[in-house]
Amino acid sequence: MNELNLKGKVAVITGGAGIICSTMARSLAAQGVKTVILDLNKEAAVSVAVEIEKEFKTSSIGVSASVLDKASLEAARKEIHDNFGPIDILINGAGGNSPAATTKVEKMECTEDEKLEDTFFGLQIEGFDKVFDLNFKGTLLPSMVFATDMVKKKSGVIINISSMNSYRPLTKIAAYSAAKAAVNNFTQWLAVHFSKTGIRVNAIAPGFLLTNQNRFLLIDEKTGELTARGNKIIKGTPMERYCVPEELTGTLIYLVSDLSKFVTGIVIPVDGGFSAYSGV
Ligand code: NAD
């Protein structure tokens with residue numbers, strides 16, 4: 001018996017054109033999974049799919065949809081059915097932070113010259129909504145649309161992409177932290193709700209990678225060096241380096257395959273020890 005039981009399965013990867021999820025898609029294709037690269041950016045999604053087909057000789061398509069727009073997800077599902085048939089695996093990878101939902105300072109000092117707009121009071125509610133929606137509703141809606149196939153087949157796997165922020169919030173990024181905490185909570189909720197349907201729901205909480213969404217916080221635009229915050233992350237990570245996307249794929253394959261048949265409702269940190277370390 002093939003203990004992974006992945007060959008020929010159909011996986012939808014939202015945010016599939018991004019740094020982490022395009023690597024995840026490649027790792028699935030390497031196991032013979034047919035991949036759907038679903039992204040807002042159609043051109044980038046198609047380009048990842050073309051590369052995957054060339055590299056792994058496994059079918060892949062790029063599909064344009066927004067994880068915040070149910071009608072576009074339903075249209076995507078039809079396109080996927082026409083190409084590959086019903087969906088077995090969903091990776092909810094679209095997500096990220098925004099400068100509009102990020103405070104300028106870590107802590108309020110209450111000094112005379114402190115500008116309130118640099119603190120909690122300067123957070124823009126539109127930015128807060130945007131980040132919360134993308135990370136939380138952007139996990140909820142694709143699950144609602146794509147798990148209908150899994151319920152019919154009485155089998156399927158959903159993987160949500162969480163973050164270290166979900167356990168303990170990082171300074172400055174209130175909306176992103178709250179949204180990822182909600183993703184963990186929802187992972188548990190949906191796992192229980194689906195526990196008798198044959199669908200398993202789990203999450204991966206990556207440590208810190210240098211990607212488009214956090215570059216503005218971790219790399220100094222002018223010098224190209226790590227910012228003070230970037231250095232703090234390295235100090236807080238016992239392995240003393242950033243994660244690379246390929247280091248998430250072992251956990252992904254474990255969670256999507258039959259290796260984890262009795263595993264549902266968990267969040268696995270892949271973080272170089274960050275969540276275990278008190279800093280002392
Ligand atoms: P990325 O910015 O490289 O990729 C995100 C992708 O999502 C992009 O291709 C973008 O076009 C797409 N996208 C954005 N809005 C969308 C929408 N409404 N509908 C469909 N697609 C949309 O991001 P990444 O760093 O690879 O992050 C992937 C996931 O990993 C995110 O959920 C992120 O929060 C999480 N994560 C990242 C880190 C990190 O350090 N980079 C750490 C932990 C968790």
# chains A, B, ... in the order shown; residues from 1 in each chain; ligands from 1

call {"tool": "residues_near_ligand", "arguments": {"ligand": "ligand 1", "cutoff": "7 Å", "atoms": "only C-alpha atoms and all ligand atoms", "output": "PyMOL selection string"}}
result
chain A and resi 14-21+38-41+65-68+93-97+134-135+138+161-164+205-214

call {"tool": "closest_atom_pairs", "arguments": {"of": "segment 236-265 of chain A", "to": "segment 139-159 of chain A", "cutoff": "10 Å", "atoms": "only C-alpha atoms", "output": "Markdown table"}}
result
| residue | atom | partner | partner_atom | distance |
| --- | --- | --- | --- | --- |
| A:Leu252 | CA | A:Ile159 | CA | 8.0 |
| A:Leu255 | CA | A:Ile159 | CA | 7.6 |
| A:Val256 | CA | A:Val157 | CA | 6.0 |
| A:Ser257 | CA | A:Val157 | CA | 8.4 |
| A:Lys261 | CA | A:Val157 | CA | 9.9 |
| A:Thr264 | CA | A:Val157 | CA | 9.3 |
| A:Gly265 | CA | A:Ile159 | CA | 10.0 |

call {"tool": "select_by_dssp", "arguments": {"residues": "segment 93-231 of chain A", "states": "helix (DSSP H, G or I)", "output": "PyMOL selection string"}}
result
chain A and resi 99-101+116-118+120-122+125-153+164-166+174-193+215-218+228-231

call {"tool": "closest_residue", "arguments": {"among": "A:Ile204, A:Leu123, A:Leu6, A:Val183", "to": "Lys137 of chain A", "atoms": "only C-alpha atoms"}}
result
A:Val183

call {"tool": "decode", "arguments": {"residues": "segment 238-273 of chain A", "atoms": "N, CA, C and O atoms", "output": "PDB file, in the first residue's frame"}}
result
ATOM      1  N   PRO A 238      15.684  30.027  18.687  1.00  0.00           N
ATOM      2  CA  PRO A 238      16.861  29.283  19.155  1.00  0.00           C
ATOM      3  C   PRO A 238      17.777  28.811  18.026  1.00  0.00           C
ATOM      4  O   PRO A 238      18.993  28.794  18.191  1.00  0.00           O
ATOM      5  N   MET A 239      17.229  28.482  16.845  1.00  0.00           N
ATOM      6  CA  MET A 239      18.105  28.044  15.741  1.00  0.00           C
ATOM      7  C   MET A 239      18.819  29.218  15.062  1.00  0.00           C
ATOM      8  O   MET A 239      19.631  29.028  14.156  1.00  0.00           O
ATOM      9  N   GLU A 240      18.479  30.439  15.490  1.00  0.00           N
ATOM     10  CA  GLU A 240      19.169  31.674  15.084  1.00  0.00           C
ATOM     11  C   GLU A 240      19.214  31.912  13.574  1.00  0.00           C
ATOM     12  O   GLU A 240      20.239  32.308  13.019  1.00  0.00           O
ATOM     13  N   ARG A 241      18.086  31.637  12.916  1.00  0.00           N
ATOM     14  CA  ARG A 241      18.004  31.973  11.493  1.00  0.00           C
ATOM     15  C   ARG A 241      16.540  32.001  11.085  1.00  0.00           C
ATOM     16  O   ARG A 241      15.655  31.567  11.838  1.00  0.00           O
ATOM     17  N   TYR A 242      16.288  32.521   9.878  1.00  0.00           N
ATOM     18  CA  TYR A 242      14.933  32.487   9.333  1.00  0.00           C
ATOM     19  C   TYR A 242      14.650  31.112   8.752  1.00  0.00           C
ATOM     20  O   TYR A 242      15.574  30.370   8.392  1.00  0.00           O
ATOM     21  N   CYS A 243      13.363  30.800   8.667  1.00  0.00           N
ATOM     22  CA  CYS A 243      12.908  29.556   8.050  1.00  0.00           C
ATOM     23  C   CYS A 243      12.913  29.746   6.526  1.00  0.00           C
ATOM     24  O   CYS A 243      12.763  30.872   6.048  1.00  0.00           O
ATOM     25  N   VAL A 244      13.092  28.685   5.784  1.00  0.00           N
ATOM     26  CA  VAL A 244      12.894  28.764   4.326  1.00  0.00           C
ATOM     27  C   VAL A 244      11.664  27.911   3.990  1.00  0.00           C
ATOM     28  O   VAL A 244      11.375  26.939   4.690  1.00  0.00           O
ATOM     29  N   PRO A 245      10.913  28.292   2.922  1.00  0.00           N
ATOM     30  CA  PRO A 245       9.631  27.624   2.655  1.00  0.00           C
ATOM     31  C   PRO A 245       9.733  26.101   2.560  1.00  0.00           C
ATOM     32  O   PRO A 245       8.828  25.397   3.001  1.00  0.00           O
ATOM     33  N   GLU A 246      10.834  25.592   2.028  1.00  0.00           N
ATOM     34  CA  GLU A 246      10.990  24.125   1.869  1.00  0.00           C
ATOM     35  C   GLU A 246      10.916  23.417   3.222  1.00  0.00           C
ATOM     36  O   GLU A 246      10.599  22.230   3.283  1.00  0.00           O
ATOM     37  N   GLU A 247      11.208  24.138   4.315  1.00  0.00           N
ATOM     38  CA  GLU A 247      11.192  23.492   5.627  1.00  0.00           C
ATOM     39  C   GLU A 247       9.778  23.283   6.165  1.00  0.00           C
ATOM     40  O   GLU A 247       9.597  22.665   7.221  1.00  0.00           O
ATOM     41  N   LEU A 248       8.784  23.807   5.456  1.00  0.00           N
ATOM     42  CA  LEU A 248       7.395  23.596   5.885  1.00  0.00           C
ATOM     43  C   LEU A 248       6.770  22.375   5.216  1.00  0.00           C
ATOM     44  O   LEU A 248       5.719  21.897   5.633  1.00  0.00           O
ATOM     45  N   THR A 249       7.435  21.861   4.172  1.00  0.00           N
ATOM     46  CA  THR A 249       6.744  20.876   3.337  1.00  0.00           C
ATOM     47  C   THR A 249       6.679  19.476   3.966  1.00  0.00           C
ATOM     48  O   THR A 249       5.759  18.720   3.678  1.00  0.00           O
ATOM     49  N   GLY A 250       7.627  19.146   4.837  1.00  0.00           N
ATOM     50  CA  GLY A 250       7.568  17.833   5.506  1.00  0.00           C
ATOM     51  C   GLY A 250       6.308  17.744   6.356  1.00  0.00           C
ATOM     52  O   GLY A 250       5.573  16.744   6.328  1.00  0.00           O
ATOM     53  N   THR A 251       6.049  18.806   7.099  1.00  0.00           N
ATOM     54  CA  THR A 251       4.855  18.843   7.955  1.00  0.00           C
ATOM     55  C   THR A 251       3.588  18.846   7.095  1.00  0.00           C
ATOM     56  O   THR A 251       2.590  18.201   7.435  1.00  0.00           O
ATOM     57  N   LEU A 252       3.652  19.550   5.963  1.00  0.00           N
ATOM     58  CA  LEU A 252       2.492  19.577   5.065  1.00  0.00           C
ATOM     59  C   LEU A 252       2.171  18.165   4.557  1.00  0.00           C
ATOM     60  O   LEU A 252       1.016  17.724   4.624  1.00  0.00           O
ATOM     61  N   ILE A 253       3.190  17.466   4.075  1.00  0.00           N
ATOM     62  CA  ILE A 253       2.956  16.120   3.522  1.00  0.00           C
ATOM     63  C   ILE A 253       2.416  15.192   4.623  1.00  0.00           C
ATOM     64  O   ILE A 253       1.496  14.404   4.400  1.00  0.00           O
ATOM     65  N   TYR A 254       2.963  15.325   5.812  1.00  0.00           N
ATOM     66  CA  TYR A 254       2.442  14.525   6.942  1.00  0.00           C
ATOM     67  C   TYR A 254       0.941  14.805   7.135  1.00  0.00           C
ATOM     68  O   TYR A 254       0.130  13.884   7.205  1.00  0.00           O
ATOM     69  N   LEU A 255       0.580  16.085   7.163  1.00  0.00           N
ATOM     70  CA  LEU A 255      -0.803  16.426   7.489  1.00  0.00           C
ATOM     71  C   LEU A 255      -1.802  16.126   6.361  1.00  0.00           C
ATOM     72  O   LEU A 255      -2.977  15.887   6.630  1.00  0.00           O
ATOM     73  N   VAL A 256      -1.355  16.180   5.102  1.00  0.00           N
ATOM     74  CA  VAL A 256      -2.333  15.929   4.020  1.00  0.00           C
ATOM     75  C   VAL A 256      -2.437  14.436   3.690  1.00  0.00           C
ATOM     76  O   VAL A 256      -3.355  14.023   2.997  1.00  0.00           O
ATOM     77  N   SER A 257      -1.485  13.643   4.177  1.00  0.00           N
ATOM     78  CA  SER A 257      -1.447  12.242   3.749  1.00  0.00           C
ATOM     79  C   SER A 257      -2.062  11.318   4.804  1.00  0.00           C
ATOM     80  O   SER A 257      -2.424  11.749   5.908  1.00  0.00           O
ATOM     81  N   ASP A 258      -2.094  10.036   4.466  1.00  0.00           N
ATOM     82  CA  ASP A 258      -2.626   9.041   5.397  1.00  0.00           C
ATOM     83  C   ASP A 258      -1.701   8.790   6.587  1.00  0.00           C
ATOM     84  O   ASP A 258      -2.072   8.070   7.514  1.00  0.00           O
ATOM     85  N   LEU A 259      -0.504   9.395   6.569  1.00  0.00           N
ATOM     86  CA  LEU A 259       0.383   9.278   7.733  1.00  0.00           C
ATOM     87  C   LEU A 259      -0.291   9.867   8.972  1.00  0.00           C
ATOM     88  O   LEU A 259       0.043   9.516  10.099  1.00  0.00           O
ATOM     89  N   SER A 260      -1.214  10.813   8.758  1.00  0.00           N
ATOM     90  CA  SER A 260      -1.848  11.487   9.906  1.00  0.00           C
ATOM     91  C   SER A 260      -3.356  11.208   9.945  1.00  0.00           C
ATOM     92  O   SER A 260      -4.138  12.073  10.324  1.00  0.00           O
ATOM     93  N   LYS A 261      -3.738   9.996   9.574  1.00  0.00           N
ATOM     94  CA  LYS A 261      -5.159   9.613   9.450  1.00  0.00           C
ATOM     95  C   LYS A 261      -6.016   9.917  10.688  1.00  0.00           C
ATOM     96  O   LYS A 261      -7.215  10.146  10.562  1.00  0.00           O
ATOM     97  N   PHE A 262      -5.404   9.852  11.883  1.00  0.00           N
ATOM     98  CA  PHE A 262      -6.180  10.040  13.118  1.00  0.00           C
ATOM     99  C   PHE A 262      -5.891  11.415  13.747  1.00  0.00           C
ATOM    100  O   PHE A 262      -6.149  11.650  14.915  1.00  0.00           O
ATOM    101  N   VAL A 263      -5.347  12.314  12.926  1.00  0.00           N
ATOM    102  CA  VAL A 263      -4.950  13.636  13.440  1.00  0.00           C
ATOM    103  C   VAL A 263      -5.903  14.693  12.898  1.00  0.00           C
ATOM    104  O   VAL A 263      -5.991  14.895  11.679  1.00  0.00           O
ATOM    105  N   THR A 264      -6.621  15.363  13.780  1.00  0.00           N
ATOM    106  CA  THR A 264      -7.467  16.476  13.338  1.00  0.00           C
ATOM    107  C   THR A 264      -7.588  17.511  14.452  1.00  0.00           C
ATOM    108  O   THR A 264      -7.544  17.168  15.639  1.00  0.00           O
ATOM    109  N   GLY A 265      -7.673  18.781  14.059  1.00  0.00           N
ATOM    110  CA  GLY A 265      -7.869  19.857  15.035  1.00  0.00           C
ATOM    111  C   GLY A 265      -6.592  20.338  15.703  1.00  0.00           C
ATOM    112  O   GLY A 265      -6.639  20.965  16.760  1.00  0.00           O
ATOM    113  N   ILE A 266      -5.427  20.076  15.076  1.00  0.00           N
ATOM    114  CA  ILE A 266      -4.181  20.538  15.709  1.00  0.00           C
ATOM    115  C   ILE A 266      -3.502  21.626  14.870  1.00  0.00           C
ATOM    116  O   ILE A 266      -3.755  21.759  13.673  1.00  0.00           O
ATOM    117  N   VAL A 267      -2.633  22.373  15.541  1.00  0.00           N
ATOM    118  CA  VAL A 267      -1.804  23.385  14.871  1.00  0.00           C
ATOM    119  C   VAL A 267      -0.353  23.000  15.156  1.00  0.00           C
ATOM    120  O   VAL A 267       0.037  22.889  16.317  1.00  0.00           O
ATOM    121  N   ILE A 268       0.420  22.771  14.108  1.00  0.00           N
ATOM    122  CA  ILE A 268       1.818  22.350  14.314  1.00  0.00           C
ATOM    123  C   ILE A 268       2.770  23.531  14.073  1.00  0.00           C
ATOM    124  O   ILE A 268       2.793  24.089  12.970  1.00  0.00           O
ATOM    125  N   PRO A 269       3.530  23.919  15.093  1.00  0.00           N
ATOM    126  CA  PRO A 269       4.536  24.969  14.875  1.00  0.00           C
ATOM    127  C   PRO A 269       5.740  24.411  14.121  1.00  0.00           C
ATOM    128  O   PRO A 269       6.188  23.307  14.419  1.00  0.00           O
ATOM    129  N   VAL A 270       6.224  25.172  13.143  1.00  0.00           N
ATOM    130  CA  VAL A 270       7.482  24.820  12.443  1.00  0.00           C
ATOM    131  C   VAL A 270       8.322  26.088  12.539  1.00  0.00           C
ATOM    132  O   VAL A 270       8.249  26.977  11.685  1.00  0.00           O
ATOM    133  N   ASP A 271       9.052  26.220  13.634  1.00  0.00           N
ATOM    134  CA  ASP A 271       9.489  27.558  14.039  1.00  0.00           C
ATOM    135  C   ASP A 271      10.907  27.664  14.576  1.00  0.00           C
ATOM    136  O   ASP A 271      11.249  28.677  15.210  1.00  0.00           O
ATOM    137  N   GLY A 272      11.738  26.633  14.382  1.00  0.00           N
ATOM    138  CA  GLY A 272      13.121  26.713  14.878  1.00  0.00           C
ATOM    139  C   GLY A 272      13.199  26.910  16.387  1.00  0.00           C
ATOM    140  O   GLY A 272      14.208  27.393  16.905  1.00  0.00           O
ATOM    141  N   GLY A 273      12.108  26.553  17.088  1.00  0.00           N
ATOM    142  CA  GLY A 273      12.107  26.627  18.557  1.00  0.00           C
ATOM    143  C   GLY A 273      11.535  27.920  19.123  1.00  0.00           C
ATOM    144  O   GLY A 273      11.463  28.094  20.345  1.00  0.00           O
TER     145      GLY A 273
END
